[in-house]
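Below: run.txt (compact mmCIF, C-alpha atoms)
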```
# COMPACT_ATOMS: atom_id res chain seq x y z
CA MET P 1060 -31.41 72.78 -61.14
CA GLU P 1061 -30.65 70.48 -64.04
CA VAL P 1062 -28.37 68.44 -61.77
CA LEU P 1063 -31.20 67.98 -59.28
CA ASN P 1064 -33.56 66.87 -62.04
CA ASN P 1065 -30.99 64.36 -63.25
CA PHE P 1066 -30.55 63.03 -59.71
CA LYS P 1067 -34.34 62.82 -59.31
CA SER P 1068 -34.68 60.88 -62.55
CA LEU P 1069 -31.86 58.54 -61.60
CA PHE P 1070 -33.30 58.02 -58.11
CA LEU P 1071 -36.79 57.22 -59.48
CA SER P 1072 -35.26 54.86 -62.02
CA VAL P 1073 -33.38 52.98 -59.31
CA TRP P 1074 -36.46 53.03 -57.07
CA GLU P 1075 -38.63 51.52 -59.80
CA LYS P 1076 -36.08 48.92 -60.91
CA GLY P 1077 -35.14 48.14 -57.32
CA ILE P 1078 -33.39 44.82 -56.70
CA LEU P 1079 -33.81 41.97 -59.17
CA GLY P 1080 -36.50 43.94 -60.96
CA ILE P 1081 -38.57 44.57 -57.82
CA ASP P 1082 -39.11 48.19 -56.90
CA PHE P 1083 -38.19 49.29 -53.42
CA PHE P 1084 -41.79 50.03 -52.48
CA GLN P 1085 -42.74 46.38 -52.96
CA ILE P 1086 -39.62 45.31 -51.07
CA LEU P 1087 -40.52 47.56 -48.13
CA VAL P 1088 -44.12 46.35 -48.09
CA GLY P 1089 -42.91 42.74 -48.33
CA LEU P 1090 -40.56 43.28 -45.39
CA GLY P 1091 -43.43 44.88 -43.49
CA ILE P 1092 -45.61 41.82 -44.10
CA PHE P 1093 -42.81 39.54 -42.95
CA LEU P 1094 -42.20 41.62 -39.82
CA LEU P 1095 -45.94 41.54 -39.08
CA PHE P 1096 -45.82 37.74 -39.06
CA LEU P 1097 -42.75 37.86 -36.83
CA VAL P 1098 -44.80 39.89 -34.34
CA PHE P 1099 -47.52 37.25 -34.70
CA ARG P 1100 -44.86 34.63 -33.94
CA GLY P 1101 -44.09 36.41 -30.66
CA LEU P 1102 -47.80 36.46 -29.79
CA ILE P 1103 -48.02 32.72 -30.43
CA SER P 1104 -45.13 32.10 -28.05
CA ARG P 1105 -46.40 34.39 -25.31
CA LEU P 1106 -50.12 33.84 -25.46
CA ILE P 1107 -51.24 30.69 -27.28
CA ILE P 1108 -48.43 28.31 -26.29
CA LYS P 1109 -48.35 29.48 -22.67
CA LYS P 1110 -52.12 29.15 -22.47
CA LEU P 1111 -51.92 25.59 -23.82
CA GLU P 1112 -49.16 24.80 -21.29
CA ILE P 1113 -51.34 25.99 -18.43
CA ILE P 1114 -54.29 23.90 -19.67
CA SER P 1115 -52.14 20.77 -20.14
CA LYS P 1116 -50.64 21.08 -16.64
CA ARG P 1117 -54.10 20.89 -15.12
CA THR P 1118 -54.46 17.30 -16.33
CA THR P 1119 -52.73 14.27 -14.82
CA ASN P 1120 -52.00 12.86 -18.27
CA LYS P 1121 -48.45 13.57 -19.49
CA LEU P 1122 -49.41 12.97 -23.13
CA ASP P 1123 -50.87 16.45 -23.63
CA ASP P 1124 -47.90 18.06 -21.85
CA THR P 1125 -45.48 16.30 -24.17
CA PHE P 1126 -47.59 17.14 -27.23
CA VAL P 1127 -47.70 20.87 -26.39
CA LYS P 1128 -43.96 20.93 -25.68
CA SER P 1129 -43.11 19.09 -28.91
CA MET P 1130 -45.25 21.45 -31.00
CA MET P 1131 -43.54 24.63 -29.74
CA GLY P 1132 -40.87 24.64 -32.44
CA PRO P 1133 -43.21 24.08 -35.41
CA ALA P 1134 -45.72 26.58 -34.00
CA ARG P 1135 -43.02 29.28 -33.89
CA PHE P 1136 -41.80 28.33 -37.35
CA LEU P 1137 -45.29 28.54 -38.92
CA PRO P 1138 -45.47 32.39 -38.89
CA ILE P 1139 -42.09 32.53 -40.65
CA VAL P 1140 -43.38 30.22 -43.40
CA LEU P 1141 -46.56 32.28 -43.77
CA GLY P 1142 -44.61 35.55 -43.66
CA VAL P 1143 -42.25 34.48 -46.46
CA PHE P 1144 -45.19 33.15 -48.50
CA PHE P 1145 -47.39 36.27 -48.30
CA ALA P 1146 -44.45 38.66 -48.66
CA SER P 1147 -43.14 36.85 -51.75
CA TYR P 1148 -46.56 36.75 -53.42
CA TYR P 1149 -47.06 40.44 -52.90
CA MET P 1150 -43.86 41.24 -54.79
CA SER P 1151 -43.56 40.94 -58.57
CA PHE P 1152 -40.75 38.65 -59.71
CA SER P 1153 -39.49 37.65 -63.11
CA ASP P 1154 -40.41 34.15 -64.31
CA ASP P 1155 -37.05 32.66 -63.36
CA MET P 1156 -37.07 34.39 -60.00
CA ARG P 1157 -40.68 33.35 -59.40
CA ASP P 1158 -39.68 29.69 -59.85
CA PHE P 1159 -36.91 30.14 -57.31
CA VAL P 1160 -39.26 31.82 -54.80
CA ASP P 1161 -41.89 29.09 -55.30
CA ASN P 1162 -39.28 26.44 -54.60
CA LEU P 1163 -38.22 28.37 -51.51
CA ASN P 1164 -41.83 28.42 -50.27
CA ARG P 1165 -42.25 24.70 -51.03
CA THR P 1166 -39.03 24.01 -49.14
CA LEU P 1167 -40.21 25.89 -46.06
CA ILE P 1168 -43.58 24.13 -46.14
CA THR P 1169 -41.89 20.74 -46.57
CA ILE P 1170 -39.60 21.45 -43.63
CA LEU P 1171 -42.62 22.47 -41.53
CA ILE P 1172 -44.54 19.29 -42.40
CA PHE P 1173 -41.65 16.94 -41.67
CA TRP P 1174 -40.81 18.89 -38.50
CA ILE P 1175 -44.37 18.39 -37.25
CA ILE P 1176 -44.19 14.66 -38.04
CA HIS P 1177 -40.80 14.46 -36.34
CA GLN P 1178 -42.15 16.14 -33.20
CA ILE P 1179 -45.31 14.03 -33.08
CA ILE P 1180 -43.12 10.94 -32.67
CA GLU P 1181 -42.23 11.98 -29.10
CA PRO P 1182 -45.83 11.88 -27.75
CA ILE P 1183 -46.27 8.52 -29.47
CA SER P 1184 -43.65 7.11 -27.08
CA TYR P 1185 -46.13 7.62 -24.22
CA ILE P 1186 -48.72 5.61 -26.13
CA LEU P 1187 -46.19 2.84 -26.75
CA SER P 1188 -45.26 2.85 -23.06
CA GLY P 1189 -48.54 1.00 -22.47
CA LEU P 1190 -46.95 -1.95 -24.28
CA ASP P 1191 -44.25 -2.36 -21.63
CA LYS P 1192 -45.14 -6.04 -21.28
CA ILE P 1193 -44.17 -6.57 -24.92
CA LEU P 1194 -41.61 -3.81 -25.48
CA THR P 1195 -39.09 -2.57 -22.93
CA ARG P 1196 -38.67 1.14 -22.23
CA GLU P 1197 -35.21 1.03 -23.80
CA LEU P 1198 -36.50 -0.69 -26.96
CA ILE P 1199 -39.26 1.91 -27.27
CA GLY P 1200 -36.54 4.58 -27.02
CA TRP P 1201 -34.64 2.90 -29.84
CA ILE P 1202 -37.77 2.76 -32.01
CA ILE P 1203 -38.46 6.45 -31.41
CA LYS P 1204 -34.87 7.41 -32.28
CA SER P 1205 -34.97 5.27 -35.44
CA LEU P 1206 -38.24 6.83 -36.57
CA LYS P 1207 -36.87 10.33 -35.99
CA ILE P 1208 -33.76 9.55 -38.04
CA LEU P 1209 -35.92 8.05 -40.81
CA ILE P 1210 -38.19 11.11 -40.91
CA PHE P 1211 -35.15 13.41 -41.04
CA ILE P 1212 -33.71 11.45 -43.98
CA LEU P 1213 -37.06 11.47 -45.84
CA GLY P 1214 -37.43 15.22 -45.22
CA ALA P 1215 -33.93 15.91 -46.51
CA ALA P 1216 -34.63 13.75 -49.58
CA ALA P 1217 -37.90 15.64 -50.25
CA VAL P 1218 -36.12 19.01 -50.05
CA LEU P 1219 -33.36 17.84 -52.39
CA GLU P 1220 -35.97 16.64 -54.90
CA LEU P 1221 -37.61 20.08 -54.84
CA TRP P 1222 -34.33 21.61 -56.00
CA GLY P 1223 -33.86 19.09 -58.76
CA ILE P 1224 -31.27 16.98 -56.99
CA LYS P 1225 -32.08 13.33 -57.74
CA ILE P 1226 -31.47 11.10 -54.76
CA GLY P 1227 -31.61 7.84 -56.78
CA PRO P 1228 -28.04 8.10 -58.13
CA ILE P 1229 -26.87 9.25 -54.68
CA ILE P 1230 -28.42 6.18 -53.06
CA ALA P 1231 -26.91 3.93 -55.73
CA GLY P 1232 -23.50 5.45 -55.09
CA LEU P 1233 -23.97 5.09 -51.36
CA GLY P 1234 -24.87 1.43 -51.90
CA LEU P 1235 -21.41 0.69 -53.24
CA PHE P 1236 -19.90 2.84 -50.54
CA GLY P 1237 -22.03 1.07 -47.97
CA VAL P 1238 -20.64 -2.32 -48.96
CA ALA P 1239 -17.13 -1.05 -48.38
CA VAL P 1240 -18.13 0.51 -45.08
CA ALA P 1241 -19.97 -2.63 -43.97
CA LEU P 1242 -16.86 -4.72 -44.43
CA GLY P 1243 -15.00 -2.41 -42.09
CA ALA P 1244 -17.91 -1.96 -39.68
CA GLN P 1245 -18.74 -5.54 -38.82
CA ASP P 1246 -18.17 -4.89 -35.13
CA LEU P 1247 -20.62 -1.98 -35.26
CA PHE P 1248 -23.39 -4.13 -36.75
CA LYS P 1249 -22.56 -6.98 -34.37
CA ASN P 1250 -22.94 -4.65 -31.41
CA LEU P 1251 -26.13 -3.14 -32.86
CA ILE P 1252 -27.77 -6.54 -33.35
CA SER P 1253 -26.60 -7.65 -29.91
CA GLY P 1254 -28.13 -4.52 -28.37
CA ILE P 1255 -31.46 -5.22 -30.09
CA LEU P 1256 -31.40 -8.81 -28.80
CA VAL P 1257 -30.71 -7.58 -25.26
CA LEU P 1258 -33.75 -5.29 -25.41
CA VAL P 1259 -36.09 -7.74 -27.14
CA GLU P 1260 -35.20 -10.56 -24.75
CA LYS P 1261 -35.41 -8.16 -21.78
CA ARG P 1262 -32.12 -9.39 -20.31
CA PHE P 1263 -31.78 -6.20 -18.31
CA ARG P 1264 -33.06 -2.65 -18.14
CA MET P 1265 -31.69 0.70 -17.06
CA GLY P 1266 -31.21 0.71 -13.31
CA ASP P 1267 -30.62 -3.07 -13.07
CA TRP P 1268 -27.66 -4.48 -11.20
CA ILE P 1269 -25.98 -6.97 -13.56
CA ARG P 1270 -22.88 -9.14 -13.49
CA VAL P 1271 -20.96 -10.64 -16.39
CA ASP P 1272 -18.31 -12.92 -14.94
CA GLY P 1273 -14.80 -11.75 -15.75
CA ILE P 1274 -16.06 -8.63 -17.56
CA ILE P 1275 -18.19 -6.22 -15.52
CA GLU P 1276 -20.47 -5.81 -12.52
CA GLY P 1277 -22.50 -2.71 -11.80
CA VAL P 1278 -25.72 -0.77 -12.46
CA VAL P 1279 -26.92 -0.18 -16.03
CA GLU P 1280 -27.19 3.55 -16.78
CA LYS P 1281 -27.73 3.59 -20.55
CA ILE P 1282 -28.26 1.07 -23.36
CA GLY P 1283 -27.01 2.54 -26.61
CA PHE P 1284 -26.96 1.39 -30.23
CA ARG P 1285 -23.36 0.20 -29.97
CA SER P 1286 -22.53 -0.06 -26.27
CA THR P 1287 -23.99 -0.09 -22.78
CA VAL P 1288 -22.90 2.29 -20.02
CA ILE P 1289 -22.53 0.67 -16.61
CA ARG P 1290 -21.81 2.47 -13.34
CA LYS P 1291 -19.48 0.30 -11.27
CA PHE P 1292 -19.78 0.26 -7.49
CA ASP P 1293 -16.69 2.46 -7.12
CA LYS P 1294 -18.71 5.07 -9.10
CA SER P 1295 -16.51 4.75 -12.19
CA LEU P 1296 -18.18 4.42 -15.59
CA ALA P 1297 -17.60 1.44 -17.88
CA ILE P 1298 -18.65 1.42 -21.53
CA ILE P 1299 -19.09 -2.19 -22.65
CA PRO P 1300 -19.70 -3.26 -26.29
CA ASN P 1301 -23.11 -4.89 -26.63
CA PHE P 1302 -21.76 -8.12 -28.12
CA GLN P 1303 -20.32 -8.96 -24.68
CA PHE P 1304 -23.88 -9.35 -23.37
CA ALA P 1305 -24.86 -11.62 -26.27
CA GLU P 1306 -21.82 -13.89 -26.11
CA ASN P 1307 -21.52 -14.20 -22.32
CA ALA P 1308 -23.83 -15.23 -19.50
CA VAL P 1309 -25.46 -12.16 -17.97
CA ILE P 1310 -26.64 -12.43 -14.37
CA ASN P 1311 -29.33 -9.88 -13.55
CA VAL P 1312 -28.84 -9.53 -9.83
CA SER P 1313 -31.76 -7.09 -9.54
CA GLN P 1314 -34.15 -9.88 -10.58
CA THR P 1315 -33.04 -12.12 -7.71
CA THR P 1316 -36.08 -13.15 -5.65
CA ASN P 1317 -34.36 -15.56 -3.23
CA TRP P 1318 -30.72 -15.20 -2.26
CA LEU P 1319 -28.76 -18.42 -1.83
CA ILE P 1320 -26.79 -19.36 1.28
CA SER P 1321 -24.45 -22.29 0.61
CA TRP P 1322 -21.90 -23.13 3.28
CA ILE P 1323 -19.57 -25.92 4.35
CA ILE P 1324 -19.43 -26.17 8.15
CA THR P 1325 -16.18 -27.83 9.23
CA LEU P 1326 -16.24 -29.79 12.50
CA GLN P 1327 -13.36 -31.46 14.29
CA TYR P 1328 -12.79 -35.20 13.90
CA ASP P 1329 -13.36 -35.79 17.60
CA THR P 1330 -17.04 -34.82 17.14
CA THR P 1331 -19.16 -37.85 17.99
CA VAL P 1332 -21.93 -39.29 15.80
CA ASP P 1333 -24.58 -38.17 18.30
CA GLN P 1334 -23.17 -34.64 18.29
CA LEU P 1335 -23.19 -34.58 14.47
CA LYS P 1336 -26.82 -35.72 14.33
CA THR P 1337 -27.90 -33.22 16.99
CA ILE P 1338 -26.09 -30.30 15.35
CA ARG P 1339 -27.52 -31.27 11.95
CA ASN P 1340 -31.10 -31.53 13.27
CA GLN P 1341 -30.94 -28.28 15.25
CA ILE P 1342 -29.57 -26.28 12.30
CA GLU P 1343 -32.26 -27.71 10.00
CA GLU P 1344 -34.97 -27.03 12.59
CA HIS P 1345 -33.75 -23.44 13.04
CA ILE P 1346 -33.92 -22.77 9.29
CA ASN P 1347 -37.34 -24.42 8.88
CA LYS P 1348 -38.87 -22.44 11.76
CA SER P 1349 -37.34 -19.09 10.81
CA GLU P 1350 -39.41 -16.54 8.85
CA ASP P 1351 -36.25 -15.40 7.06
CA PHE P 1352 -36.02 -18.46 4.79
CA ASP P 1353 -38.14 -19.81 1.95
CA GLN P 1354 -38.59 -23.46 2.86
CA SER P 1355 -40.59 -24.24 -0.30
CA ILE P 1356 -37.48 -23.98 -2.46
CA GLY P 1357 -35.65 -26.52 -0.34
CA VAL P 1358 -33.47 -26.75 2.74
CA ALA P 1359 -30.46 -29.07 2.93
CA VAL P 1360 -28.40 -29.76 6.05
CA ARG P 1361 -26.34 -32.94 5.74
CA VAL P 1362 -22.98 -34.39 6.73
CA ASP P 1363 -21.17 -34.09 3.45
CA LYS P 1364 -17.75 -35.71 3.59
CA PHE P 1365 -14.61 -36.48 5.55
CA ALA P 1366 -12.10 -33.86 4.53
CA ASP P 1367 -8.37 -33.81 5.22
CA SER P 1368 -8.70 -32.10 8.58
CA SER P 1369 -12.46 -31.90 9.28
CA ILE P 1370 -15.87 -33.49 9.02
CA ASP P 1371 -17.76 -31.28 6.56
CA MET P 1372 -21.44 -30.49 6.99
CA TYR P 1373 -23.23 -28.94 4.00
CA VAL P 1374 -25.82 -26.18 4.66
CA ARG P 1375 -27.94 -24.86 1.79
CA CYS P 1376 -31.01 -22.60 2.00
CA PHE P 1377 -32.62 -19.54 0.39
CA SER P 1378 -33.68 -16.28 2.01
CA LYS P 1379 -37.13 -14.82 1.38
CA THR P 1380 -35.90 -11.29 0.85
CA ASN P 1381 -34.82 -10.01 -2.57
CA SER P 1382 -32.77 -7.23 -0.94
CA TRP P 1383 -29.03 -7.73 -0.88
CA ASN P 1384 -28.63 -5.79 2.37
CA GLU P 1385 -31.37 -7.79 4.09
CA TRP P 1386 -29.77 -11.00 2.81
CA LEU P 1387 -26.50 -10.03 4.52
CA LYS P 1388 -28.39 -9.62 7.81
CA VAL P 1389 -30.12 -12.99 7.40
CA LYS P 1390 -26.81 -14.66 6.60
CA GLU P 1391 -25.16 -13.07 9.63
CA ASN P 1392 -27.95 -14.22 11.96
CA LEU P 1393 -27.70 -17.76 10.59
CA ALA P 1394 -23.93 -17.80 11.11
CA LEU P 1395 -24.34 -16.71 14.73
CA SER P 1396 -27.05 -19.31 15.32
CA ILE P 1397 -24.93 -22.12 13.85
CA LYS P 1398 -21.98 -21.14 16.03
CA GLN P 1399 -24.23 -21.13 19.09
CA ILE P 1400 -25.64 -24.56 18.20
CA VAL P 1401 -22.14 -26.03 17.72
CA GLU P 1402 -20.87 -24.59 21.00
CA THR P 1403 -24.00 -25.64 22.93
CA ASN P 1404 -23.40 -29.23 21.84
CA LYS P 1405 -19.78 -29.01 23.08
CA ALA P 1406 -18.35 -29.43 19.60
CA SER P 1407 -15.70 -27.32 17.91
CA PHE P 1408 -15.03 -25.99 14.44
CA ALA P 1409 -12.08 -27.42 12.60
CA PHE P 1410 -9.34 -25.54 10.85
CA PRO P 1411 -6.76 -26.74 8.32
CA SER P 1412 -4.04 -28.62 10.16
CA GLN P 1413 -1.41 -31.30 9.62
CA SER P 1414 0.00 -33.89 11.98
CA ILE P 1415 3.71 -34.68 11.72
CA TYR P 1416 4.98 -37.97 13.07
CA VAL P 1417 8.68 -38.32 13.84
CA GLU P 1418 9.98 -41.88 13.69
CA LYS P 1419 12.86 -42.66 16.08
CA LYS P 1420 15.47 -45.12 14.94
```
As structure tokens - that is how I would like this structure written.
Amino acid sequence: MEVLNNFKSLFLSVWEKGILGIDFFQILVGLGIFLLFLVFRGLISRLIIKKLEIISKRTTNKLDDTFVKSMMGPARFLPIVLGVFFASYYMSFSDDMRDFVDNLNRTLITILIFWIIHQIIEPISYILSGLDKILTRELIGWIIKSLKILIFILGAAAVLELWGIKIGPIIAGLGLFGVAVALGAQDLFKNLISGILVLVEKRFRMGDWIRVDGIIEGVVEKIGFRSTVIRKFDKSLAIIPNFQFAENAVINVSQTTNWLISWIITLQYDTTVDQLKTIRNQIEEHINKSEDFDQSIGVAVRVDKFADSSIDMYVRCFSKTNSWNEWLKVKENLALSIKQIVETNKASFAFPSQSIYVEKK
């Protein structure tokens, strides 16, 4: 009997002292409060968020859809913050422990606030998309990413300050370290600045067909901080440093409005002057009357020069279409028409040839 009484006394003593001076009853109640808020978190996910998703999908505006989606994480984190707060304030802590718990609550609240700010940045991108005449879609993406990184850094700094870790000396130390890194990362900054220039000057966008002579030709898939990803026409991927687009001429083929046709038509030397004039006039007339060519830019059909084995006629015109495939069709039709005109006038095309004269002694 005495043993049972001793066990009872010891059990009650442990129960009252509990863990870190908190009796087990308070711990159990605190856990119950926290679990209650976890249940509330599940209700938020199943009822409130889904209801907001249904409402936002009824509208044609994507801004509310993005806002609801971006707020899912913070909304599910809020019950955890409240659960820890109410559970901790129900329990009795020592002064030192209370300071630790208060800092823990401040940390969770700080994380929640900066998380909300971080998530709000995403819907802002839809507002900025209305400025597409000033800012490109890619540049807006860069701004959004930069803001998110900045908010993350500020949030981390705020949390460190709560725990007494001064960020001033850390920044000062990083300043010296940054100088050393900058010396070894000149290419990185050169590519970064070049990428910004590409976006600000709107040289090309994602989906554009570009050509940099001697370097790359293909369709832009992604414009990154350091490099640009281009899908070549054989479906292989090329990752090109951004400085290449700042230091070299970039031809944006997708922005072509009138495709050029520039040919040298070679005719045999036995072609008469009348034949040359007739062929020239008929080719020029064909181009000027055709709906496939933009005559306002200029049409040129002229006898150009006497080459080694031919009389060269220069033909230069521009198609109306901005489609590469349609341009190929227009060019083919013009080639067939020129051949028909030459043959109708009983002339012939020349080809490289040499005459060899043998002198008899």
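With distances restricted to all atoms listed in the file, P:Leu1167 is the closest residue to Gly1214 (chain P) from P:Val1279, P:Leu1326, P:Leu1335, P:Leu1167.
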How far is it from CA of Asp1353 (chain P) to CA of Lys1388 (chain P), in Å with one decimal? 15.3 Å
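Ranking P:Ala1366, P:Lys1348, P:Thr1380, P:Arg1339 by their shortest atom-to-atom distance to Leu1319 (chain P), with all atoms listed in the file included, puts P:Thr1380 first.
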Which residues come within 12 Å of Lys1379 (chain P), counting only C-alpha atoms, excluding same-chain residues fewer than 3 positions away, as a list in words?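 The residues that qualify are Thr1315, Thr1316, Asn1317, Trp1318, Leu1319, Ile1320, Ile1346, Ser1349, Glu1350, Asp1351, Phe1352, Asp1353, Gln1354, Ser1355, Ile1356, Gly1357, Cys1376, Ser1382, Trp1383, Glu1385, Trp1386, Val1389 and Lys1390 of chain P.
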P:Lys1364, P:Lys1204, P:His1177, P:Arg1375: which is nearest Tyr1328 (chain P), counting only C-alpha atoms?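 Checking each of P:Lys1364, P:Lys1204, P:His1177, P:Arg1375 against Tyr1328 (chain P), counting only C-alpha atoms, the winner is P:Lys1364.
Minimum distance to Arg1100 (chain P) across P:Ala1394, P:Ile1139, P:Val1127, P:Ile1274 (counting all atoms listed in the file) occurs at P:Ile1139.
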One-decimal distance in Å that lies between CA of Phe1145 (chain P) and CA of Met1131 (chain P):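 Separation of CA of Met1131 (chain P) and CA of Phe1145 (chain P): 22.2 Å.
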One number please: CA of Gly1200 (chain P) to CA of Pro1182 (chain P), in Å, one decimal. 11.8 Å
Near-Ile1298 (chain P) list (7 Å; only C-alpha atoms; drop same-chain fewer than 5 positions) as an MDAnalysis selection string: chainID P and resid 1286:1289
Nearest to Ile1202 (chain P) among P:Lys1225, P:Thr1125, P:Phe1284, P:Ser1407, with distances taken over all atoms listed in the file: which residue is it? P:Phe1284
Name the closest residue to Thr1325 (chain P) among the candidates P:Asp1363, P:Glu1343, P:Asp1158, P:Asp1371; distances are taken between atoms, counting only C-alpha atoms. P:Asp1371
Contacts of Leu1221 (chain P) at 9 Å (all atoms listed in the file; same-chain gap of 3+ positions) as an MDAnalysis selection string: chainID P and resid 1162:1163 1165:1166 1216:1218 1224
